[in-house]
file run.pdb (PDB, C-alpha atoms)
MODEL        1
ATOM      1  CA  MET A   1      61.234  46.796 113.400  1.00  0.00           C
ATOM      2  CA  ARG A   2      64.847  47.186 114.510  1.00  0.00           C
ATOM      3  CA  ILE A   3      66.405  45.529 117.512  1.00  0.00           C
ATOM      4  CA  LYS A   4      67.548  48.283 119.840  1.00  0.00           C
ATOM      5  CA  LYS A   5      69.503  46.205 122.335  1.00  0.00           C
ATOM      6  CA  SER A   6      71.485  43.031 122.213  1.00  0.00           C
ATOM      7  CA  TYR A   7      72.051  40.813 125.196  1.00  0.00           C
ATOM      8  CA  LYS A   8      74.984  38.531 125.809  1.00  0.00           C
ATOM      9  CA  VAL A   9      74.266  35.054 127.006  1.00  0.00           C
ATOM     10  CA  HIS A  10      76.652  34.335 129.843  1.00  0.00           C
ATOM     11  CA  SER A  11      77.867  30.785 130.057  1.00  0.00           C
ATOM     12  CA  ALA A  12      79.322  29.267 133.174  1.00  0.00           C
ATOM     13  CA  PRO A  13      83.102  29.639 133.418  1.00  0.00           C
ATOM     14  CA  ASP A  14      85.363  26.615 133.190  1.00  0.00           C
ATOM     15  CA  GLU A  15      86.172  25.033 136.544  1.00  0.00           C
ATOM     16  CA  ILE A  16      89.654  23.728 137.352  1.00  0.00           C
ATOM     17  CA  ILE A  17      89.239  20.320 138.967  1.00  0.00           C
ATOM     18  CA  GLY A  18      92.879  19.511 139.630  1.00  0.00           C
ATOM     19  CA  HIS A  19      96.535  20.173 138.846  1.00  0.00           C
ATOM     20  CA  PHE A  20      98.946  17.431 137.808  1.00  0.00           C
ATOM     21  CA  GLY A  21     102.278  19.206 137.441  1.00  0.00           C
ATOM     22  CA  GLN A  22     101.844  21.471 134.393  1.00  0.00           C
ATOM     23  CA  VAL A  23      98.594  19.744 133.337  1.00  0.00           C
ATOM     24  CA  ARG A  24      95.259  21.159 134.511  1.00  0.00           C
ATOM     25  CA  LEU A  25      92.056  19.089 134.494  1.00  0.00           C
ATOM     26  CA  VAL A  26      89.233  21.490 133.573  1.00  0.00           C
ATOM     27  CA  ARG A  27      85.455  20.873 133.584  1.00  0.00           C
ATOM     28  CA  LYS A  28      83.772  22.735 130.723  1.00  0.00           C
ATOM     29  CA  ALA A  29      80.320  24.324 130.920  1.00  0.00           C
ATOM     30  CA  ASP A  30      78.827  21.387 128.973  1.00  0.00           C
ATOM     31  CA  GLY A  31      80.008  18.906 131.625  1.00  0.00           C
ATOM     32  CA  LYS A  32      82.888  17.452 129.633  1.00  0.00           C
ATOM     33  CA  HIS A  33      86.484  17.647 130.792  1.00  0.00           C
ATOM     34  CA  GLU A  34      89.642  18.842 129.072  1.00  0.00           C
ATOM     35  CA  LEU A  35      93.352  18.654 129.820  1.00  0.00           C
ATOM     36  CA  VAL A  36      95.167  21.975 129.442  1.00  0.00           C
ATOM     37  CA  GLY A  37      98.929  22.476 129.348  1.00  0.00           C
ATOM     38  CA  GLY A  38     101.815  20.091 129.790  1.00  0.00           C
ATOM     39  CA  THR A  39     103.352  17.682 127.323  1.00  0.00           C
ATOM     40  CA  MET A  40     101.547  14.937 125.415  1.00  0.00           C
ATOM     41  CA  GLU A  41     103.188  12.344 127.688  1.00  0.00           C
ATOM     42  CA  ALA A  42     102.032  14.157 130.827  1.00  0.00           C
ATOM     43  CA  GLN A  43      98.495  14.406 129.460  1.00  0.00           C
ATOM     44  CA  ALA A  44      98.516  10.679 128.655  1.00  0.00           C
ATOM     45  CA  THR A  45      99.565   9.958 132.242  1.00  0.00           C
ATOM     46  CA  VAL A  46      96.699  12.072 133.589  1.00  0.00           C
ATOM     47  CA  ARG A  47      94.228  10.329 131.245  1.00  0.00           C
ATOM     48  CA  ASN A  48      95.401   6.967 132.599  1.00  0.00           C
ATOM     49  CA  TRP A  49      95.052   8.223 136.177  1.00  0.00           C
ATOM     50  CA  CYS A  50      91.512   9.427 135.452  1.00  0.00           C
ATOM     51  CA  GLY A  51      90.672   6.049 133.944  1.00  0.00           C
ATOM     52  CA  LEU A  52      91.690   4.351 137.189  1.00  0.00           C
ATOM     53  CA  TYR A  53      90.558   6.795 139.863  1.00  0.00           C
ATOM     54  CA  ALA A  54      87.945   9.054 138.233  1.00  0.00           C
ATOM     55  CA  PRO A  55      85.950   6.970 135.734  1.00  0.00           C
ATOM     56  CA  PHE A  56      83.155   9.577 135.713  1.00  0.00           C
ATOM     57  CA  VAL A  57      85.421  12.017 133.819  1.00  0.00           C
ATOM     58  CA  VAL A  58      84.334  12.316 130.159  1.00  0.00           C
ATOM     59  CA  PHE A  59      86.924  14.050 128.005  1.00  0.00           C
ATOM     60  CA  ALA A  60      85.924  16.412 125.209  1.00  0.00           C
ATOM     61  CA  GLU A  61      87.169  15.571 121.738  1.00  0.00           C
ATOM     62  CA  PRO A  62      90.693  16.919 121.177  1.00  0.00           C
ATOM     63  CA  ALA A  63      90.962  20.135 119.204  1.00  0.00           C
ATOM     64  CA  GLU A  64      92.120  19.944 115.583  1.00  0.00           C
ATOM     65  CA  HIS A  65      95.537  21.454 116.379  1.00  0.00           C
ATOM     66  CA  GLU A  66      96.123  18.766 119.043  1.00  0.00           C
ATOM     67  CA  VAL A  67      95.356  16.007 116.547  1.00  0.00           C
ATOM     68  CA  ALA A  68      97.713  17.582 113.998  1.00  0.00           C
ATOM     69  CA  GLN A  69     100.543  17.741 116.544  1.00  0.00           C
ATOM     70  CA  ALA A  70     100.092  14.086 117.531  1.00  0.00           C
ATOM     71  CA  ALA A  71     100.347  12.886 113.915  1.00  0.00           C
TER
ENDMDL
END
call {"tool": "encode", "arguments": {"input": "run.pdb", "output": "structure tokens"}}
result
Amino acid sequence: MRIKKSYKVHSAPDEIIGHFGQVRLVRKADGKHELVGGTMEAQATVRNWCGLYAPFVVFAEPAEHEVAQAA
């Protein structure tokens, strides 16, 4: 038997939680958060801010290219 139709599974879009200059704090569909844009220093500042004022924020693991740039 052949499958006649295929259906896409739609996931929830990412939600922008806040802007910190060029850095955007984004909540992913799986509930984890990610920092997008800005410099490494700016992202570190936002991570520190989240540690103080938004302890519920759980960051996703950094992508491989981000780890390579930091090294």
call {"tool": "residues_around", "arguments": {"input": "run.pdb", "residues": "region 23-27 of chain A", "least_positions_apart": "6", "cutoff": "6 Å", "atoms": "only C-alpha atoms", "output": "ChimeraX atom specification"}}
result
/A:14-17,33-38
call {"tool": "resolve_selection", "arguments": {"input": "run.pdb", "expression": "the PyMOL selection byres ((chain A and resi 30) around 10)", "output": "VMD selection string"}}
result
chain A and resid 11 to 12 14 27 to 29 31 to 33 60
call {"tool": "atom_distance", "arguments": {"input": "run.pdb", "atom1": "CA of Gln22 (chain A)", "atom2": "CA of Val46 (chain A)"}}
result
10.7 Å
call {"tool": "atom_distance", "arguments": {"input": "run.pdb", "atom1": "CA of Val58 (chain A)", "atom2": "CA of Glu41 (chain A)"}}
result
19.0 Å
call {"tool": "atom_distance", "arguments": {"input": "run.pdb", "atom1": "CA of Ala42 (chain A)", "atom2": "CA of Phe56 (chain A)"}}
result
20.0 Å
